[in-house]
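One structure is given here, and the rest of the page talks about it.
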Amino acid sequence: MGLFSPARDPEDPRQIATAVHELGHAWVWKDAGFTITEIRFTGDEGWVSVKIREKDWDHKSARDYAIGCWGGFEAEDRWLREHRMGRAHRGNAAHDIKNFKHVTRKLEPALSEGKARSIARDRVARRWSQIVRQAPVLVRDSRISL
């Protein structure tokens with residue numbers, strides 16, 4: 001936990017939303033065949049570490065990685081809407097959006113944001129029950145494995 005991070009509270013809806021965000025990334029990437037090496041939560045932020053071997057980096061893996069960049073946003077947005085807490089904010093996903101733009105800038109054929117988000121939404125929906133079940137565990141334990 002960071003120096004000024006709040007205590008982890010699996011009853012706090014904002015912390016659950018953050019955990020759902022990270023699990024959205026993780027499941028979309030895992031289902032694409034990537035190795036998830038770490039999923040962490042500190043109380044006010046989280047991250048997912050994904051391992052992709054350089055020799056395996058090709059058009060398909062770049063496209064799947066880019067879609068996974070939106071998996072977190074789409075999962076968080078769904079959770080917030082379902083709990084009548086508004087919508088996800090792009091500012092909270094600025095790092096993910098930057099990664100998406102960096103990876104997709106050279107993709108041919110191009111992958112639009114709208115298409116990537118639509119695919120990410122579908123992939124999150126397939127894992128939704130797992131994401132929702134695992135989110136409080138991630139908040140409570142600060143890490144989780146898939």
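Letters for chains follow the order of the structure tokens (A, B, ...), residue numbers begin at 1 for each chain, and ligand numbers begin at 1 in the order shown.
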
Closest-contact table, segment 4-73 of chain A side, partner segment 92-97 of chain A, 7 Å, counting only C-alpha atoms, as a Markdown table:
| residue | atom | partner | partner_atom | distance |
| --- | --- | --- | --- | --- |
| A:Cys69 | CA | A:Asp96 | CA | 5.2 |
| A:Trp70 | CA | A:Asp96 | CA | 7.0 |
| A:Phe73 | CA | A:Ala93 | CA | 6.5 |

Could you produce a table of the residues of segment 78-104 of chain A lying within 12 Å of segment 15-30 of chain A, with the nearest pair of atoms per residue and their separation in Å rounded to one decimal, using only C-alpha atoms, ordered by chain and increasing residue number, as a tab-separated table?
residue	atom	partner	partner_atom	distance
A:Arg78	CA	A:Val20	CA	9.3
A:Trp79	CA	A:Ala17	CA	6.5
A:Leu80	CA	A:Ala17	CA	6.9
A:Arg81	CA	A:Ala17	CA	10.5
A:Glu82	CA	A:Ala17	CA	10.9
A:His83	CA	A:Ala17	CA	9.9
A:Met85	CA	A:Ala17	CA	9.8
A:Gly86	CA	A:Ala17	CA	11.4
A:Arg87	CA	A:Ala17	CA	10.7
A:Ala88	CA	A:Ala17	CA	9.1
A:His89	CA	A:His21	CA	11.5
A:Asn92	CA	A:Thr18	CA	9.4
A:Ala93	CA	A:His21	CA	9.2
A:Asp96	CA	A:His25	CA	9.5

Could you take the residues named above and write them with C-alpha atoms, as a short mmCIF file (atom, residue, chain, number, x, y, z; two decimals), in the first residue's frame?
data_model
loop_
_atom_site.label_atom_id
_atom_site.label_comp_id
_atom_site.auth_asym_id
_atom_site.auth_seq_id
_atom_site.Cartn_x
_atom_site.Cartn_y
_atom_site.Cartn_z
CA ARG A 78 -20.12 -1.94 -16.67
CA TRP A 79 -19.68 -2.25 -12.91
CA LEU A 80 -20.35 1.46 -12.32
CA ARG A 81 -23.46 1.41 -14.52
CA GLU A 82 -24.81 -1.72 -12.83
CA HIS A 83 -24.39 -0.04 -9.44
CA MET A 85 -22.58 5.07 -9.95
CA GLY A 86 -22.21 6.78 -13.30
CA ARG A 87 -19.74 5.86 -16.01
CA ALA A 88 -16.01 5.18 -16.20
CA HIS A 89 -13.83 8.21 -16.88
CA ASN A 92 -8.68 7.08 -15.03
CA ALA A 93 -7.61 5.02 -18.05
CA ASP A 96 -4.22 2.35 -20.92
#

message: Given only C-alpha atoms as the basis, pick out the residue of A:Arg53, A:Glu76, A:His59, A:Arg90 nearest to Ala120 of chain A.
response: A:Glu76

Enumerate as a PDB file with C-alpha atoms, in the first residue's frame all residues of chain A assigned to strand (DSSP E or B) by DSSP on the backbone, naming them with the chain letters and numbers the document uses.
ATOM      1  CA  THR A  35       0.689 -14.935 -19.273  1.00  0.00           C
ATOM      2  CA  ILE A  36      -0.524 -12.777 -16.393  1.00  0.00           C
ATOM      3  CA  THR A  37       2.369 -12.511 -13.952  1.00  0.00           C
ATOM      4  CA  GLU A  38       0.817 -10.164 -11.401  1.00  0.00           C
ATOM      5  CA  ILE A  39      -2.460  -8.458 -10.518  1.00  0.00           C
ATOM      6  CA  ARG A  40      -2.082  -5.946  -7.680  1.00  0.00           C
ATOM      7  CA  PHE A  41      -4.269  -3.496  -5.790  1.00  0.00           C
ATOM      8  CA  GLY A  46      -3.881  -1.263  -9.257  1.00  0.00           C
ATOM      9  CA  TRP A  47      -1.990  -2.815 -12.123  1.00  0.00           C
ATOM     10  CA  VAL A  48      -1.646  -5.956 -14.170  1.00  0.00           C
ATOM     11  CA  SER A  49       1.701  -7.277 -15.364  1.00  0.00           C
ATOM     12  CA  VAL A  50       1.483  -9.296 -18.531  1.00  0.00           C
ATOM     13  CA  LYS A  51       4.267 -11.339 -20.098  1.00  0.00           C
ATOM     14  CA  ARG A 143      -3.038  -9.482  -5.158  1.00  0.00           C
ATOM     15  CA  ILE A 144      -4.664 -12.331  -6.991  1.00  0.00           C
TER      16      ILE A 144
END

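You will find atom CA of Ser61 of chain A at 11.2 Å from atom CA of Thr104 of chain A.
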
Counting only C-alpha atoms, which residues in segment 55-102 of chain A sit no more than 9 Å from segment 108-114 of chain A? For each one, give the nearest pair of atoms and the distance in Å, sorted by chain then residue number, as CSV.
residue,atom,partner,partner_atom,distance
A:His59,CA,A:Glu108,CA,8.1
A:Arg63,CA,A:Leu111,CA,7.4
A:Ala66,CA,A:Leu111,CA,8.5
A:Ile67,CA,A:Glu113,CA,8.8
A:Trp70,CA,A:Glu113,CA,8.6
A:Phe100,CA,A:Glu113,CA,8.4
A:Lys101,CA,A:Glu113,CA,8.7

Residue contacts of segment 5-11 of chain A (6 Å, only C-alpha atoms) excluding same-chain residues fewer than 3 positions away, as a PyMOL selection string: chain A and resi 2+43-44+136+139-140

task: Enumerate, as an MDAnalysis selection string, the complete set of residues in chain A that a backbone-based DSSP assignment places in alpha helix (DSSP H).
output: chainID A and resid 13:31 59:82 94:104 113:126 128:141

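Put simply, atom CA of Gly91 of chain A is 20.5 Å away from atom CA of Asp12 of chain A.
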
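Interatomic distance, atom CA of Lys60 of chain A to atom CA of Arg121 of chain A: 18.2 Å.
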
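Closest approach to Leu146 of chain A among A:Asp64, A:Asn99, A:Lys115, A:Arg127 is made by A:Arg127 (distances from only C-alpha atoms).
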